[in-house]
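Student: Can you keep this structure in mind? I'll have questions shortly.
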Amino acid sequence: MSQILILLRKSILSFWRAKAAVCITFLVPVVLIYLFGHVFGLYRKDSGPAGIPIAVVNLSPEPAAQKLIDALKAEKAFAVITTRDIGKGATRPLTEADVRAGLHDNSYRYALILPMDMLPVDDLGVRMKFLFNPRNEIESQMVNGLLQKTVFSNVPQLLGMSLQRYSRSFLGKERFEHFNRVIADTVADTFGGDREEIFQRNIAGDFGIADLIHAKADPVPPVPASLRRLYQPEQMQANREEPSAVNNHSAAPSTSAPLLNHESKNENQKSGDLFSRIVKIDTEQVAGKELKNPMAARLVGGYAIMFLLFAVSGSAATLFEEKNSGVFQRLLSSPVRPAHILWARFLFGVILGLAQITALFCAGWVFFGLDIFHHVGGLLAVSLSAAAACSAFGILIAAIAPSAAAANGIATFVVISMSAVGGAWFPVTFMPDYIQRVSKLTLVYWSVEGFADVLWAGMSLLEVLPKVGILTGIAAGVMLVAIWRFNRGKLFD
Amino acid sequence: MLALRNVTKSYGSITALSGVSLNIGPGEFFGLLGPNGAGKSTLMSLVSGLRTPDSGSIELAGQPVTGSSFSVRRNLGLVPQTIALFPELTAEENLRIFGGLQGLRGNLLKAALDDAFSAAQLDDRRHSLVKTFSGGMQRRLNLVAALLHRPKLLLCDEPTVGVDPQSRNAIFEHLQHLNRTGVTIIYSTHYMEEAERLCSRIGIIDHGSILALGTLDDLLTRLPFEDEITFPVTALTAPLAVELASAGEIIAVDGTHRFRPRPGYPLSVFFALTESLGLPPRLFVNQRPTLEALFLHLTGRKLRDV
Ligand SMILES: Nc1ncnc2c1ncn2[C@@H]1O[C@H](COP(=O)(O)OP(=O)(O)OP(=O)(O)O)[C@@H](O)[C@H]1O
Ligand SMILES: [Mg+2]
C-alpha cells in the first residue's frame, strides 16, 4: 500500500508541475462549457428565440380566429404580421397572394392562413394552412412546434365550435337547439347557473365545463420520482427541438387561459384543463421541480464525462512514457510490482477525474446557475463512480495497446464514439433503438444518466445508488480485465 | 554471489542470450564488454528480475532470482541504460521517491540522500527539476538513484554514455570506492578502455554468448601475439611485406597496418630490418595489444563498428 501511495504522490506532483497539462485538464473544459453554453443559448434570461416574423392571413369570420391571432401575438417568439402597408400610413389586411410573395422574397419565412372555412360546416375539425420557406431546418421545426403549441392551446374551444357547428348541420337547426336547451337545463338543474347563459355558451362551443371542473378538482398530487423519470425523455426532446421549450411551456396556460375562460395560474396543477387532458397536449414541465437551467444539467454532465475520459486516457500514454524512459526498470527492480504501478495510476485517475468534474460543475453553477449544492451526496457518489470507471478505462487501454501512440489512437476513437453513443453530446432518446441498446454498454451512458438523475430529476443519494453501483461494477470489471491483460500486454514486456 | 547457468532468452525470433553461464564472486568488479545488441541489457534485466529467462537458472546469494522475490531485490541496485528519472520533478523529489520505494524513511532516507548528492556532485542542484539538468548530470543522478538502499550487488548498464571525461572520472572513482567497501559490481559497456581500467574480471559478449571470460591479463594471453606494431599504410613497402610475411601477420585496421609478430620473434630484428630499409623508426609504434584486438581476433569485427 505504501508503494501505491508513494507512486500516487509522484503522479500528482508531476501532474501539478506540468502546468500545461493542468491547464488542459481544468481550464479548457471550463472554457469549452462556457462556449457551448452560448451555442445552446443557455445564457438567455428568456431562454428562447424572439421576434421571428410570421405572417397571418385571417379570412375566417370566426371570433375564435382573432383569438388565435391574439394568442400568437402574445407569444414572444413571434412577431405577427397581419397587415400590409399601402402608403400614406394606411394598411390593409394581408392576402394569401401577399404572403406567398413575401415568403418568396424572404420578407418572412413563415405564414399561417386561417381560411374562410376554418371551422367547416360539413366536417369536424379545424382547418388552417401553414406556409414556410425555411432558412434552416432547426428553425422551422422550432417554429412549427411553437405554432402547434399555440394552436393546440386554442383547440379546445375551436374544436367545441366545430363540434357544435357540425352537429347543427347534421341535426338541423331545430333539433340542435332543442338538444342544447335540454343540456343547458340539465346543467343548470344540476350545478345551478343561468339557463340562458349556459345555452348561449354551449351553442357557441364554449362549454365552460372547465370552470366547473376547475372549481371541484383536487390538486394533482406531486408526481413520484419514478414517474418523473418516465416523462423526462419527452421533456428533453422538446428542449432539443425548441430551446425555449421550458419557458414557453410554462407560458402556455396563461395564453390559453382567456380562451378557456378560466384562470390557471398554477402551472404545476393543470387539473382544471379538461380538454388538455382529453386531447393530451399537456406539455407542462413534468419534472416536478423548478430547474433554472435544465439543459445545462445535461450539457455539463455529458461534457464532464467526455473531458474526464480524455484526461484519464492520457494515463496510458504516461505509462508507456515511463516504461520507455526506463523508469519501469528502476521501479520494478525495486520492491514494486506491476500491480502497484497500475493501482497508483488508477487512483490518480480517480482523483484527477473528481477534481475535473468538480471544476466543471462549479463552472456550471457559475455560468448557468446549475444547482449543485442541493445534491452534494448524490453528485459526489455519481462523480466518484464515474471517475473510477473512466480511470479504469484508461488503464485498460494501456493494457491492450502496443505503444503510446497506439494507446492515444485507440483512446481518441473509443472516447469519441462512446461519448456520442452514450449520450454525452445529446440525449440517447434521440437515437435509434439499436443504438440506445448499445448505449447501455457504455460507461458514458450510466454516468450521464446518473448526473441527470441527480441534477435534473433531483434524485437523492439513495435513488441513484443503482447507477452508482453499475458504474462501480464497470470500474471493477474493467480494472480486472486490465490487470489480467497486462501479463500479456507490452507495457511490462 | 551471482550464478547464471545456461541462461537463454529470446524475443520472438531474436535470440538475445544463448546458453550464458557465469559466476561472479562477492566483491568483484565484473565488466561485460560487448557491442550494441550483444545482449548486455538483456542479461541485466534477467539478473534484476525484470524478465525471466526462457531456460537456465539465475541465483543471487543462493536464492533464485524470480520476478516476485522482494527479499532478493533489496540486495540489488539497477542503473538502467536510459535515464530512468522523472524529469518534471526535482532531483531530491526523485530520490525521495526511489528511496521511499526501497523502504527508507526519516533520518535513514535523509542520510541516503545526502550521500547520494555528494557522490553525484549535485548538492547545489538538489532542488532543480531534473529536466533542467545536462545529460551528464542526469547520468550521475541516474547512477546514485540506484545506490540509496546500499545494495550488495550493483548492476550498471552503460552508465557513462554521454558523460564528459571529468564526470566520467568522478563516476569511476565513486564506483571503485563502492567496490572497495564490498559492493559487487557488474558493469556493462562497449568501451574497452572502461573495462580495462575498472574491471577485475571481464566477459566479452557478442550475439548473446560469452566469448571470453577472465582477468585482463588472462584475456590478453589468449591472443597469439604479445606485441602489436602499428604503422601507416604507406610504410609497408614491398620488401618489408616480403620480410614480415614469415614473421607474423599484418592486418589493416582504420587506415593503418598492424604487425603482430609470432611469439618468440625478437622486436630488435624488426627494427633492424626497418632501419636497413630506410624507414624512420617514428613511423612504427609498438603497443601492448588491447581488448579491442582481442575482440577483433575473436569475432573478426571491430568492437565499435557492429
Ligand atoms: N524488448 C525487446 N524486444 C525485442 N527484441 C529485443 C528487446 N530488447 C532487446 N532486444 C533484442 O535483443 C538483442 C539484445 O539486446 P540488448 O538490449 O540486450 O543488447 P545490448 O547489449 O544491451 O545493446 P546496447 O549496447 O545497444 O545497449 C538485440 O538484438 C535486440 O534487438
Ligand atoms: Mg543495452
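Residues are named by chain letter and number: chains run A, B, ... in the order of the C-alpha cells, numbers start at 1 in each chain, and ligands are numbered from 1 in the order shown.
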Using only C-alpha atoms and all ligand atoms, which residues have at least one atom no more than 7 Å from ligand 2? Output them as a ChimeraX atom specification.

Tutor: /B:36-37,39-41,81,157

Student: Quick one: everything within 10 Å of Pro224 of chain B, counting only C-alpha atoms, minus sequence neighbours fewer than 4 positions away in the same chain. Send it as a PyMOL selection string.

Tutor: chain B and resi 220+248+260-263+294+297

Student: Export, as an mmCIF file, in the first residue's frame, the selected residues with C-alpha atoms.

Tutor:
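Final output, part_2.cif:
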data_model
loop_
_atom_site.group_PDB
_atom_site.id
_atom_site.type_symbol
_atom_site.label_atom_id
_atom_site.label_comp_id
_atom_site.auth_asym_id
_atom_site.auth_seq_id
_atom_site.Cartn_x
_atom_site.Cartn_y
_atom_site.Cartn_z
ATOM 1 C CA LEU B 220 45.266 -10.890 -23.493
ATOM 2 C CA GLY B 248 53.832 -12.828 -38.145
ATOM 3 C CA ARG B 260 51.610 -8.902 -34.932
ATOM 4 C CA PRO B 261 54.865 -10.811 -34.587
ATOM 5 C CA ARG B 262 54.551 -14.506 -33.879
ATOM 6 C CA PRO B 263 55.647 -15.440 -30.344
ATOM 7 C CA LEU B 294 41.052 -9.495 -28.686
ATOM 8 C CA HIS B 297 40.620 -11.560 -33.036
#

Student: Once you count only C-alpha atoms, which residues of chain A turn out to be within 12 Å of chain B? Could you give them as number ranges by chain?

Tutor: A: 1-19, 21, 318, 321-341, 487, 492-493

Student: List as an NGL selection string the protein and nucleic acid residues near Met192 of chain B, meaning an atom at most 9 Å away when only C-alpha atoms are counted, but skip any in the same chain fewer than 5 places from it.

Tutor: :B and (33-34 or 197 or 290-292 or 303)

Student: What lies within 8 Å of Arg126 of chain B using only C-alpha atoms, ignoring chain neighbours under 2 positions off, as a JSON list (two decimals) with N, CA, C and O atoms, in the first residue's frame?

Tutor:
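Below is the file selection_17.json, written as the result:
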[["chain", "number", "residue", "atom", "x", "y", "z"],
["B", 90, "THR", "N", 11.99, 17.49, -9.09],
["B", 90, "THR", "CA", 13.34, 17.91, -8.75],
["B", 90, "THR", "C", 14.19, 16.67, -8.45],
["B", 90, "THR", "O", 13.67, 15.57, -8.25],
["B", 91, "ALA", "N", 15.49, 16.90, -8.41],
["B", 91, "ALA", "CA", 16.41, 15.80, -8.13],
["B", 91, "ALA", "C", 16.06, 15.16, -6.78],
["B", 91, "ALA", "O", 15.99, 13.94, -6.64],
["B", 92, "GLU", "N", 15.81, 16.03, -5.80],
["B", 92, "GLU", "CA", 15.53, 15.49, -4.47],
["B", 92, "GLU", "C", 14.22, 14.72, -4.44],
["B", 92, "GLU", "O", 14.12, 13.65, -3.84],
["B", 117, "PHE", "N", 23.77, 12.83, -3.08],
["B", 117, "PHE", "CA", 24.04, 14.12, -3.73],
["B", 117, "PHE", "C", 25.51, 14.49, -3.72],
["B", 117, "PHE", "O", 26.02, 15.05, -4.68],
["B", 122, "LEU", "N", 26.03, 16.87, -6.93],
["B", 122, "LEU", "CA", 24.86, 17.64, -7.33],
["B", 122, "LEU", "C", 24.22, 18.35, -6.14],
["B", 122, "LEU", "O", 23.04, 18.69, -6.18],
["B", 123, "ASP", "N", 25.01, 18.55, -5.08],
["B", 123, "ASP", "CA", 24.46, 19.12, -3.87],
["B", 123, "ASP", "C", 23.73, 20.44, -4.11],
["B", 123, "ASP", "O", 22.65, 20.69, -3.58],
["B", 124, "ASP", "N", 24.35, 21.26, -4.98],
["B", 124, "ASP", "CA", 23.76, 22.59, -5.22],
["B", 124, "ASP", "C", 22.57, 22.55, -6.17],
["B", 124, "ASP", "O", 21.91, 23.55, -6.37],
["B", 128, "SER", "N", 16.60, 21.53, -8.21],
["B", 128, "SER", "CA", 16.29, 21.86, -9.61],
["B", 128, "SER", "C", 15.53, 20.71, -10.23],
["B", 128, "SER", "O", 15.71, 19.54, -9.85]]
